[in-house]
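Note: the block below is final.cif and it holds mmCIF, C-alpha atoms.
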```cif
data_target
loop_
_atom_site.label_atom_id
_atom_site.label_comp_id
_atom_site.auth_asym_id
_atom_site.auth_seq_id
_atom_site.Cartn_x
_atom_site.Cartn_y
_atom_site.Cartn_z
CA MET A 1 18.68 -2.43 -44.50
CA GLN A 2 19.85 -0.80 -41.29
CA PHE A 3 16.25 -0.80 -40.12
CA LEU A 4 15.91 -4.54 -40.69
CA LYS A 5 19.16 -5.32 -38.92
CA HIS A 6 17.87 -4.03 -35.60
CA ASN A 7 14.16 -4.56 -36.02
CA TRP A 8 13.92 -7.88 -37.82
CA TRP A 9 12.15 -9.39 -34.82
CA LYS A 10 9.36 -6.84 -35.06
CA LEU A 11 8.80 -7.81 -38.68
CA LEU A 12 8.85 -11.46 -37.69
CA GLY A 13 6.24 -10.72 -35.02
CA ILE A 14 3.99 -8.90 -37.49
CA LEU A 15 4.25 -11.72 -40.02
CA LEU A 16 3.54 -14.34 -37.37
CA LEU A 17 0.49 -12.50 -36.10
CA ILE A 18 -0.86 -11.92 -39.62
CA TYR A 19 -0.49 -15.67 -40.18
CA VAL A 20 -2.19 -16.36 -36.87
CA ILE A 21 -5.14 -14.07 -37.56
CA PHE A 22 -5.74 -15.58 -41.01
CA GLY A 23 -4.88 -19.14 -40.03
CA GLY A 24 -6.74 -18.88 -36.75
CA LEU A 25 -9.93 -17.74 -38.41
CA LEU A 26 -9.79 -19.78 -41.63
CA PHE A 27 -7.97 -23.08 -41.04
CA GLU A 28 -9.86 -26.21 -40.26
CA VAL A 29 -10.54 -26.96 -36.59
CA PRO A 30 -12.09 -30.06 -35.00
CA ALA A 31 -15.83 -29.70 -34.39
CA LEU A 32 -16.29 -30.16 -30.67
CA PRO A 33 -19.61 -30.04 -28.84
CA VAL A 34 -20.52 -26.77 -27.11
CA VAL A 35 -17.25 -25.05 -28.01
CA GLN A 36 -17.75 -25.38 -31.78
CA GLN A 37 -15.99 -22.68 -33.77
CA THR A 38 -15.17 -20.63 -30.68
CA ILE A 39 -12.20 -22.97 -30.17
CA ARG A 40 -10.37 -20.53 -32.46
CA ASN A 41 -10.26 -18.13 -29.53
CA ILE A 42 -7.58 -20.36 -28.00
CA TYR A 43 -4.97 -18.69 -30.23
CA PHE A 44 -5.87 -15.31 -28.79
CA HIS A 45 -7.09 -15.90 -25.24
CA VAL A 46 -4.31 -18.30 -24.24
CA GLY A 47 -1.80 -16.13 -26.09
CA MET A 48 -2.78 -13.12 -23.98
CA TRP A 49 -2.21 -14.98 -20.71
CA PHE A 50 1.02 -16.51 -21.93
CA ALA A 51 2.35 -13.14 -22.98
CA MET A 52 1.23 -11.64 -19.65
CA MET A 53 3.05 -14.30 -17.62
CA PHE A 54 6.15 -13.82 -19.72
CA ILE A 55 6.20 -10.05 -19.39
CA LEU A 56 5.43 -10.15 -15.65
CA PHE A 57 8.37 -12.49 -15.25
CA VAL A 58 10.45 -9.88 -17.09
CA ALA A 59 9.20 -7.31 -14.56
CA LEU A 60 10.31 -9.60 -11.72
CA VAL A 61 13.78 -9.95 -13.23
CA TYR A 62 14.16 -6.17 -13.53
CA SER A 63 12.90 -5.63 -9.98
CA ILE A 64 15.47 -8.09 -8.65
CA ARG A 65 18.14 -6.40 -10.75
CA TYR A 66 17.12 -3.06 -9.28
CA LEU A 67 17.50 -4.40 -5.75
CA ARG A 68 21.00 -5.63 -6.58
CA ARG A 69 22.39 -2.55 -8.30
CA PHE A 70 19.95 0.31 -7.58
CA ARG A 71 20.03 1.65 -11.11
CA PRO A 72 16.92 3.73 -11.94
CA ILE A 73 16.78 2.30 -15.44
CA ASP A 74 15.92 -1.18 -14.08
CA ASP A 75 13.06 0.31 -12.08
CA GLN A 76 11.66 2.02 -15.17
CA LYS A 77 11.91 -1.22 -17.12
CA ALA A 78 10.07 -3.07 -14.36
CA LEU A 79 7.32 -0.43 -14.45
CA ALA A 80 7.04 -0.67 -18.24
CA ALA A 81 6.81 -4.46 -18.00
CA VAL A 82 4.07 -4.32 -15.35
CA LYS A 83 2.06 -1.87 -17.50
CA THR A 84 2.43 -4.20 -20.48
CA GLY A 85 1.41 -7.15 -18.32
CA LEU A 86 -1.73 -5.30 -17.26
CA VAL A 87 -2.65 -4.51 -20.87
CA PHE A 88 -2.32 -8.17 -21.84
CA GLY A 89 -4.14 -9.20 -18.67
CA VAL A 90 -7.10 -6.97 -19.53
CA PHE A 91 -7.24 -8.37 -23.07
CA GLY A 92 -6.94 -11.88 -21.61
CA LEU A 93 -9.94 -11.16 -19.40
CA VAL A 94 -11.94 -9.63 -22.26
CA THR A 95 -11.26 -12.48 -24.71
CA GLY A 96 -12.01 -14.95 -21.92
CA MET A 97 -15.28 -13.24 -21.06
CA ILE A 98 -16.43 -13.24 -24.68
CA TRP A 99 -15.57 -16.92 -24.88
CA ALA A 100 -17.34 -17.62 -21.59
CA LYS A 101 -20.48 -15.86 -22.85
CA ALA A 102 -20.45 -17.99 -25.99
CA THR A 103 -19.89 -21.36 -24.30
CA TRP A 104 -21.10 -21.06 -20.69
CA GLY A 105 -23.77 -18.43 -21.32
CA VAL A 106 -22.45 -15.87 -18.84
CA PHE A 107 -19.55 -13.44 -18.81
CA TRP A 108 -18.24 -14.46 -15.42
CA VAL A 109 -18.52 -17.63 -13.37
CA ASN A 110 -17.24 -18.21 -9.85
CA ASP A 111 -14.33 -20.37 -10.87
CA PRO A 112 -10.89 -20.53 -9.21
CA LYS A 113 -9.03 -19.78 -12.44
CA LEU A 114 -11.12 -16.72 -13.23
CA ASN A 115 -10.80 -15.49 -9.68
CA GLY A 116 -7.06 -16.08 -9.78
CA ALA A 117 -6.83 -13.94 -12.90
CA ALA A 118 -8.84 -11.17 -11.25
CA VAL A 119 -6.61 -11.26 -8.18
CA GLY A 120 -3.54 -11.00 -10.40
CA MET A 121 -4.95 -7.86 -12.00
CA LEU A 122 -5.71 -6.37 -8.56
CA THR A 123 -2.17 -7.14 -7.39
CA TYR A 124 -0.57 -5.24 -10.23
CA LEU A 125 -3.05 -2.36 -10.06
CA ALA A 126 -2.03 -2.09 -6.40
CA TYR A 127 1.58 -1.94 -7.58
CA LEU A 128 0.76 1.14 -9.68
CA LEU A 129 -1.12 2.69 -6.75
CA LEU A 130 1.90 2.14 -4.52
CA ARG A 131 4.10 3.94 -7.00
CA GLY A 132 1.67 6.85 -7.04
CA SER A 133 1.80 7.16 -3.26
CA VAL A 134 5.53 7.73 -2.88
CA GLU A 135 7.11 11.06 -3.83
CA ASP A 136 10.78 10.31 -3.42
CA GLN A 137 12.18 8.61 -6.51
CA ASP A 138 14.66 6.25 -4.87
CA LYS A 139 12.22 5.24 -2.18
CA ARG A 140 9.48 4.68 -4.75
CA ALA A 141 11.74 2.47 -6.83
CA ARG A 142 12.84 0.46 -3.80
CA LEU A 143 9.34 -0.08 -2.35
CA ALA A 144 7.92 -0.91 -5.77
CA ALA A 145 10.67 -3.46 -6.44
CA VAL A 146 10.16 -5.10 -3.06
CA TYR A 147 6.40 -5.27 -3.53
CA ASN A 148 6.79 -6.64 -7.04
CA VAL A 149 8.98 -9.53 -5.88
CA PHE A 150 6.72 -10.23 -2.90
CA ALA A 151 3.55 -10.08 -5.00
CA PHE A 152 4.87 -12.11 -7.93
CA VAL A 153 5.87 -15.07 -5.75
CA LEU A 154 2.61 -15.07 -3.79
CA PHE A 155 0.55 -14.63 -6.98
CA PHE A 156 2.28 -17.59 -8.59
CA VAL A 157 1.79 -19.78 -5.56
CA PHE A 158 -1.84 -18.67 -5.63
CA ILE A 159 -2.51 -19.67 -9.22
CA MET A 160 -0.63 -22.94 -8.72
CA ILE A 161 -2.47 -23.93 -5.54
CA LEU A 162 -5.94 -22.60 -6.08
CA PRO A 163 -7.01 -24.61 -9.13
CA ARG A 164 -5.80 -27.80 -7.45
CA MET A 165 -7.70 -26.93 -4.32
CA ALA A 166 -11.01 -26.59 -6.11
CA THR A 167 -13.30 -29.56 -6.18
CA ALA A 168 -14.64 -28.61 -9.58
CA SER A 169 -13.66 -26.18 -12.26
CA ILE A 170 -15.53 -25.32 -15.42
CA HIS A 171 -12.38 -23.89 -16.99
CA PRO A 172 -10.25 -26.40 -18.93
CA GLY A 173 -6.89 -27.61 -17.64
CA LEU A 174 -7.73 -29.28 -14.34
CA ASP A 175 -4.46 -28.88 -12.52
CA GLY A 176 -2.28 -25.88 -12.77
CA ASN A 177 -1.81 -23.89 -15.88
CA PRO A 178 -4.30 -24.80 -18.63
CA ALA A 179 -2.07 -23.31 -21.32
CA LEU A 180 0.70 -25.81 -20.60
CA ALA A 181 -1.57 -28.77 -21.27
CA THR A 182 -1.03 -28.63 -25.02
CA GLY A 183 -0.59 -32.38 -25.34
CA ASP A 184 -4.28 -32.86 -26.06
CA LEU A 185 -4.35 -30.14 -28.68
CA ASP A 186 -5.40 -31.28 -32.15
CA PRO A 187 -2.35 -31.51 -34.49
CA ARG A 188 -4.08 -29.24 -37.00
CA MET A 189 -4.41 -26.59 -34.33
CA ARG A 190 -0.78 -26.84 -33.28
CA MET A 191 0.11 -25.48 -36.71
CA VAL A 192 -1.36 -22.18 -35.60
CA PHE A 193 -1.07 -22.43 -31.81
CA PHE A 194 2.71 -22.45 -31.51
CA PRO A 195 3.32 -19.62 -34.01
CA ALA A 196 0.58 -17.72 -32.17
CA MET A 197 2.40 -18.06 -28.86
CA ALA A 198 5.69 -16.93 -30.42
CA GLY A 199 3.92 -14.02 -32.10
CA TRP A 200 2.28 -12.80 -28.90
CA PHE A 201 5.58 -13.08 -27.01
CA ILE A 202 7.32 -10.90 -29.57
CA PHE A 203 4.40 -8.48 -29.60
CA ALA A 204 4.49 -8.25 -25.78
CA TRP A 205 8.20 -7.50 -25.84
CA TRP A 206 7.58 -4.82 -28.45
CA VAL A 207 4.81 -3.17 -26.40
CA PHE A 208 7.11 -3.36 -23.38
CA SER A 209 9.92 -1.55 -25.22
CA VAL A 210 7.51 1.15 -26.41
CA TYR A 211 6.20 1.67 -22.85
CA PHE A 212 9.76 1.89 -21.64
CA ARG A 213 10.68 4.54 -24.21
CA ILE A 214 7.53 6.55 -23.42
CA GLY A 215 8.60 6.45 -19.76
CA GLN A 216 12.09 7.65 -20.67
CA VAL A 217 10.72 10.56 -22.71
CA GLU A 218 8.34 11.54 -19.90
CA GLU A 219 11.25 11.54 -17.44
CA LYS A 220 13.21 13.76 -19.78
CA ILE A 221 10.33 16.21 -20.20
CA LYS A 222 9.92 16.39 -16.43
CA GLU A 223 13.63 17.00 -15.98
CA LEU A 224 13.66 19.77 -18.57
CA SER A 225 10.54 21.50 -17.27
CA GLU A 226 11.95 21.52 -13.75
CA ASN A 227 15.14 23.29 -14.78
CA MET B 1 19.72 -13.10 16.75
CA VAL B 2 17.36 -14.95 19.10
CA SER B 3 18.15 -12.69 22.04
CA GLU B 4 17.74 -9.70 19.75
CA ILE B 5 14.29 -10.85 18.67
CA LYS B 6 13.38 -11.54 22.29
CA ALA B 7 14.43 -8.05 23.33
CA LEU B 8 12.45 -6.49 20.48
CA ILE B 9 9.34 -8.53 21.26
CA TYR B 10 9.66 -7.55 24.92
CA LYS B 11 9.85 -3.91 23.80
CA GLU B 12 6.68 -4.30 21.70
CA ILE B 13 4.79 -5.85 24.58
CA PHE B 14 6.05 -3.17 26.96
CA LEU B 15 4.97 -0.36 24.63
CA GLU B 16 1.60 -1.98 24.07
CA TRP B 17 1.14 -2.37 27.81
CA GLN B 18 1.85 1.31 28.35
CA GLN B 19 -0.40 2.61 25.59
CA LYS B 20 -2.92 -0.21 25.24
CA PHE B 21 -3.76 1.46 21.94
CA ALA B 22 -3.73 -1.41 19.49
CA PHE B 23 -5.28 -3.98 21.74
CA ASN B 24 -8.15 -1.88 23.03
CA GLY B 25 -8.68 -0.24 19.68
CA VAL B 26 -8.95 -3.48 17.78
CA LEU B 27 -10.99 -5.10 20.52
CA LEU B 28 -13.52 -2.29 20.30
CA TYR B 29 -13.40 -2.55 16.51
CA ILE B 30 -14.26 -6.25 16.66
CA ILE B 31 -17.05 -5.75 19.19
CA SER B 32 -18.58 -2.87 17.20
CA THR B 33 -18.48 -4.66 13.86
CA VAL B 34 -19.92 -7.84 15.35
CA PHE B 35 -22.68 -5.81 16.95
CA VAL B 36 -23.40 -4.04 13.66
CA GLY B 37 -23.56 -7.46 12.01
CA TYR B 38 -25.88 -8.69 14.74
CA LEU B 39 -28.25 -5.78 14.23
CA ALA B 40 -28.06 -5.98 10.44
CA PHE B 41 -28.85 -9.69 10.38
CA GLU B 42 -31.47 -9.22 13.10
CA GLY B 43 -30.05 -12.05 15.15
CA THR B 44 -30.64 -14.92 12.74
CA ILE B 45 -27.72 -15.95 10.62
CA GLY B 46 -26.87 -19.08 8.62
CA THR B 47 -23.58 -20.92 8.97
CA ARG B 48 -22.22 -19.70 5.64
CA ALA B 49 -22.89 -16.08 6.48
CA TRP B 50 -21.49 -16.64 9.98
CA ASN B 51 -18.27 -17.98 8.50
CA ALA B 52 -17.91 -15.24 5.89
CA LEU B 53 -18.67 -12.45 8.35
CA PHE B 54 -16.28 -13.86 10.94
CA TRP B 55 -13.35 -13.94 8.54
CA ILE B 56 -14.06 -10.56 7.00
CA ILE B 57 -14.15 -9.00 10.45
CA LEU B 58 -10.98 -10.83 11.46
CA LEU B 59 -9.22 -9.72 8.26
CA PHE B 60 -10.10 -6.06 8.76
CA ALA B 61 -9.22 -6.25 12.44
CA SER B 62 -5.81 -7.71 11.49
CA ILE B 63 -5.20 -4.98 8.93
CA ASN B 64 -6.07 -2.36 11.54
CA ALA B 65 -3.91 -3.89 14.23
CA ILE B 66 -0.89 -4.63 12.08
CA LEU B 67 -0.84 -1.38 10.08
CA LYS B 68 -0.09 0.35 13.35
CA SER B 69 3.00 -1.76 13.99
CA PHE B 70 5.23 0.20 11.64
CA LEU B 71 3.24 3.41 11.52
CA MET B 72 3.67 4.04 15.23
CA GLU B 73 7.44 3.86 14.91
CA GLY B 74 8.64 7.36 14.18
CA GLU B 75 11.53 7.97 11.86
CA GLY B 76 13.80 8.63 14.80
CA ARG B 77 13.02 5.30 16.38
CA MET B 78 13.63 3.45 13.12
CA LEU B 79 17.02 5.10 12.96
CA TYR B 80 17.65 3.98 16.52
CA TYR B 81 16.86 0.35 15.62
CA TYR B 82 19.05 0.73 12.60
CA THR B 83 22.07 1.39 14.77
CA LEU B 84 21.21 -1.34 17.24
CA SER B 85 19.85 -4.40 15.48
CA SER B 86 19.68 -6.32 12.25
CA PRO B 87 16.74 -5.98 9.84
CA HIS B 88 15.96 -9.67 10.32
CA GLY B 89 15.61 -9.11 14.05
CA VAL B 90 13.17 -6.26 13.53
CA ILE B 91 10.89 -7.95 10.99
CA ASN B 92 10.84 -11.32 12.76
CA ALA B 93 10.09 -9.68 16.10
CA LYS B 94 7.23 -7.74 14.49
CA ILE B 95 5.80 -10.85 12.86
CA ILE B 96 5.97 -12.91 16.05
CA TYR B 97 4.53 -10.12 18.17
CA ASN B 98 1.72 -9.46 15.69
CA ALA B 99 0.96 -13.17 15.50
CA VAL B 100 0.62 -13.40 19.29
CA LEU B 101 -1.47 -10.21 19.42
CA MET B 102 -3.77 -11.44 16.66
CA ALA B 103 -4.06 -14.91 18.18
CA VAL B 104 -5.30 -13.37 21.43
CA LEU B 105 -7.60 -10.96 19.59
CA SER B 106 -9.02 -13.68 17.38
CA LEU B 107 -9.87 -15.82 20.41
CA VAL B 108 -11.62 -12.85 22.02
CA GLY B 109 -13.25 -12.16 18.67
CA PHE B 110 -14.59 -15.68 18.49
CA PHE B 111 -15.99 -15.35 22.00
CA VAL B 112 -17.76 -12.10 21.13
CA PHE B 113 -19.03 -13.65 17.92
CA ALA B 114 -20.35 -16.72 19.72
CA VAL B 115 -22.18 -14.56 22.25
CA PHE B 116 -23.99 -12.43 19.65
CA MET B 117 -24.35 -14.72 16.67
CA GLY B 118 -24.57 -18.05 18.45
CA ASP B 119 -21.90 -20.72 18.62
CA VAL B 120 -22.40 -22.91 15.57
CA VAL B 121 -18.97 -24.55 15.39
CA GLN B 122 -19.10 -28.31 15.78
CA ASN B 123 -15.44 -29.25 15.65
CA LYS B 124 -13.79 -26.68 17.90
CA ALA B 125 -10.30 -28.23 17.71
CA LEU B 126 -10.06 -27.91 13.93
CA PHE B 127 -11.68 -24.48 13.97
CA PHE B 128 -9.22 -23.07 16.51
CA LEU B 129 -6.19 -24.74 14.94
CA ASN B 130 -7.20 -23.28 11.59
CA MET B 131 -7.86 -19.87 13.10
CA ILE B 132 -4.52 -19.69 14.93
CA LEU B 133 -2.55 -20.84 11.88
CA GLY B 134 -4.55 -18.31 9.85
CA VAL B 135 -3.75 -15.30 12.00
CA ILE B 136 -0.06 -16.31 12.02
CA GLY B 137 -0.18 -16.29 8.22
CA PHE B 138 -2.05 -12.96 8.24
CA SER B 139 0.55 -11.38 10.48
CA ALA B 140 3.40 -12.63 8.26
CA VAL B 141 1.88 -11.11 5.10
CA LEU B 142 0.49 -7.99 6.72
CA SER B 143 3.65 -7.10 8.68
CA MET B 144 5.60 -6.92 5.46
CA VAL B 145 2.88 -4.93 3.67
CA SER B 146 2.65 -2.64 6.68
CA ALA B 147 6.38 -2.00 6.42
CA ILE B 148 5.89 -1.00 2.77
CA ALA B 149 2.72 1.04 3.33
CA SER B 150 4.14 2.94 6.30
CA LYS B 151 6.73 4.50 3.99
CA ALA B 152 4.11 5.89 1.59
CA MET B 153 1.19 8.30 1.74
CA ASN B 154 -2.49 7.30 2.29
CA ASN B 155 -1.38 4.42 4.47
CA PHE B 156 -4.70 2.83 5.27
CA THR B 157 -6.07 2.71 1.73
CA LEU B 158 -2.72 1.57 0.45
CA MET B 159 -2.40 -1.08 3.14
CA ALA B 160 -5.83 -2.50 2.29
CA VAL B 161 -5.27 -2.40 -1.47
CA LEU B 162 -1.79 -3.91 -1.29
CA SER B 163 -2.69 -6.65 1.14
CA PHE B 164 -6.02 -7.92 -0.22
CA PRO B 165 -4.68 -9.73 -3.25
CA LEU B 166 -1.79 -11.12 -1.22
CA VAL B 167 -3.95 -12.34 1.66
CA LEU B 168 -6.68 -13.76 -0.56
CA PRO B 169 -5.14 -17.21 -1.22
CA LEU B 170 -4.71 -17.70 2.51
CA LEU B 171 -8.17 -16.39 3.25
CA LEU B 172 -9.86 -18.73 0.78
CA VAL B 173 -8.22 -21.80 2.31
CA LEU B 174 -9.04 -20.58 5.82
CA ILE B 175 -12.70 -19.97 5.01
CA ARG B 176 -12.95 -23.40 3.43
CA VAL B 177 -11.46 -25.22 6.40
CA SER B 178 -13.39 -23.23 8.97
CA GLY B 179 -16.60 -23.82 7.05
CA ALA B 180 -15.87 -27.54 7.14
CA ALA B 181 -15.04 -27.37 10.86
CA MET B 182 -18.43 -25.79 11.47
CA GLN B 183 -20.05 -28.80 9.81
CA GLY B 184 -18.04 -31.08 12.08
CA ALA B 185 -15.21 -32.20 9.78
CA VAL B 186 -12.22 -33.87 11.45
CA ILE B 187 -8.62 -32.63 11.29
CA SER B 188 -7.29 -35.55 9.21
CA GLU B 189 -9.70 -34.66 6.38
CA HIS B 190 -8.19 -31.20 6.07
CA PHE B 191 -4.58 -32.03 6.74
CA SER B 192 -3.49 -30.91 3.26
CA ASP B 193 -5.32 -27.59 3.61
CA LEU B 194 -3.54 -26.91 6.88
CA LEU B 195 -0.27 -27.76 5.16
CA ILE B 196 -1.06 -25.20 2.43
CA ILE B 197 -1.59 -22.56 5.13
CA LEU B 198 1.77 -23.45 6.68
CA LEU B 199 3.43 -23.43 3.25
CA LEU B 200 2.07 -19.98 2.41
CA THR B 201 3.19 -18.68 5.80
CA GLY B 202 6.64 -20.20 5.30
CA ILE B 203 7.06 -18.64 1.85
CA THR B 204 5.99 -15.28 3.24
CA LEU B 205 8.49 -15.55 6.12
CA VAL B 206 11.35 -16.32 3.73
CA LEU B 207 10.36 -13.45 1.43
CA SER B 208 10.02 -11.04 4.36
CA ASN B 209 13.50 -11.90 5.59
CA LEU B 210 14.94 -11.51 2.12
CA LEU B 211 13.19 -8.25 1.26
CA PHE B 212 12.86 -6.31 4.52
CA PRO B 213 16.51 -5.18 4.53
CA TYR B 214 15.75 -3.18 1.37
CA ILE B 215 12.82 -1.24 2.82
CA TRP B 216 13.98 -0.29 6.25
CA LYS B 217 16.88 1.86 5.02
CA GLU B 218 15.92 5.46 4.39
#
```
Represent the supplied structure as structure tokens.
Amino acid sequence: MQFLKHNWWKLLGILLLIYVIFGGLLFEVPALPVVQQTIRNIYFHVGMWFAMMFILFVALVYSIRYLRRFRPIDDQKALAAVKTGLVFGVFGLVTGMIWAKATWGVFWVNDPKLNGAAVGMLTYLAYLLLRGSVEDQDKRARLAAVYNVFAFVLFFVFIMILPRMATASIHPGLDGNPALATGDLDPRMRMVFFPAMAGWFIFAWWVFSVYFRIGQVEEKIKELSEN
Amino acid sequence: MVSEIKALIYKEIFLEWQQKFAFNGVLLYIISTVFVGYLAFEGTIGTRAWNALFWIILLFASINAILKSFLMEGEGRMLYYYTLSSPHGVINAKIIYNAVLMAVLSLVGFFVFAVFMGDVVQNKALFFLNMILGVIGFSAVLSMVSAIASKAMNNFTLMAVLSFPLVLPLLLVLIRVSGAAMQGAVISEHFSDLLIILLLTGITLVLSNLLFPYIWKE
């Protein structure tokens, strides 16, 4: 019982995602031209990006908290969140590429939304590179936090402006974030879509907490081996 | 604050005048890369390639020029500023100085480009307005990244890697507008694009002023 008291949300996440995997693959979906059955990917592809945005926002919050109080724990949480964001970003790209191959015939098209996603990945890979280039712990934490805030704001402006700037986009959701345009989603699909989003959010938070604990253990090992 | 920024900009110009390192270095960089481009393309080049090449060269020249701005300051000198002025004074002076430096260099760069590759720009007013706004935006983003990169190892690689994704939104708008200017588009058609450039620069300035105080302390 003690286990459930603290970890009920993990169980909820598992149940939601089991429902999503079964419901997403088996429930009825509207038959649309071109997209056909691949529409089911929406529960996974959009979920990845949603979870990534959420967890990168978490990283931003921890970076700001670090700059206010300079506690190392906030820096480690920001790092764990960025790593999680990258994992979800990569899966978002992969699911998107599979979907693109099925509907557009190619893995990658020169589209503002795809390019925006790629730039986001590059930004956060650069964040990790920056961390690797600074030896001093306090300095590393400070520079990383500053870059994270700087990059997050510019990245968000980028993905807000760029799709609007484009004259044409093959990717759905003409202005701004395609995932937010759920108004035109078929009611049957909403039955799975919203639980899917909740499930991926919980899963992202779980992955984040695991990354954070791995980081803590690594710190500890380093500390012990130095003494 | 204003007099502080003025004094710091004056100091930058004075140092540059004594060493002439950044200016001559970047000038030579631009001339060499344009010449390499000229030889590689064997003289004939379409407008799209002209546009792309021009902005890539300008971007790399900016990274080169602006990386130096914090790298050249030794630790002792940073400490000296620390006792004398506010962080806002230092970062704003750097941004303004870099913007002026890059504006001059980009004009020279355009001249060199026009000599070798041919002048294909039809609407000069829009092209230059776009270019000047662009290098101001570049210097705002790159000054801040330079401040971060100068504190870490492998500065140049880090500077390039950190700044590319941040400069890209700006660069895409700039290339679009300058491409249109080459075809003879008028300013009023691209008013919103120019506003986006100003907006991005403004956001960067606000962020730089908010965040620089955290990096300059050792």
- request: Starting from the displayed file, determine the output of the PyMOL selection byres ((chain A) within 10 of (chain B)) and express the residue list as a PyMOL selection string.
  value: chain A and resi 67-68+116+118-127+129-136+138-140+142-147+149-155+157-159+161-162+165
message: Please expand the PyMOL selection byres ((chain A and resi 200) around 9) into the concrete residues it hits in this file, giving the result as a list in words.
response: Gly13, Leu16, Leu17, Phe44, Gly47, Met48, Phe50, Ala51, Pro195, Ala196, Met197, Ala198, Gly199, Phe201, Ile202, Phe203, Ala204 and Trp205 of chain A
task: Starting from the shown file, work through the PyMOL selection byres ((chain B and resi 64) around 12) and note down what comes out as a VMD selection string.
output: chain B and resid 21 to 30 57 to 63 65 to 71 98 102 105 138 to 139 142 to 143 146 155 to 157 159 to 160 163
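Counting all atoms listed in the file and comparing B:Val112, B:Leu174, B:Val186, B:Leu195, the residue that lies closest to Lys124 in chain B is B:Val186.
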- request: Take the point (-13.8, -14.5, -19.3) in the file's coordinates, draw a sphere of radius 10 Å around it, and report as a ChimeraX atom specification every protein, DNA or RNA residue with an atom inside or on it, counting all atoms listed in the file.
  value: /A:45,91-101,104,106-109,113-114,117,171
- request: Mind listing whatever residues come within 10 Å of the point (9.9, -12.0, 16.0)? Use only C-alpha atoms, file coordinates, and give them as a PyMOL selection string.
  value: chain B and resi 1-2+4-10+88-100
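Of the residues under consideration (A:Asn41, A:Asn148, A:Val46, A:Met160), A:Asn148 shows the shortest atom-to-atom contact distance to Ala59 in chain A when counting all atoms listed in the file.
Among the candidates B:Val115, B:Leu84, B:Ile31, B:Leu194, the one nearest to Met131 in chain B when counting all atoms listed in the file is B:Leu194.
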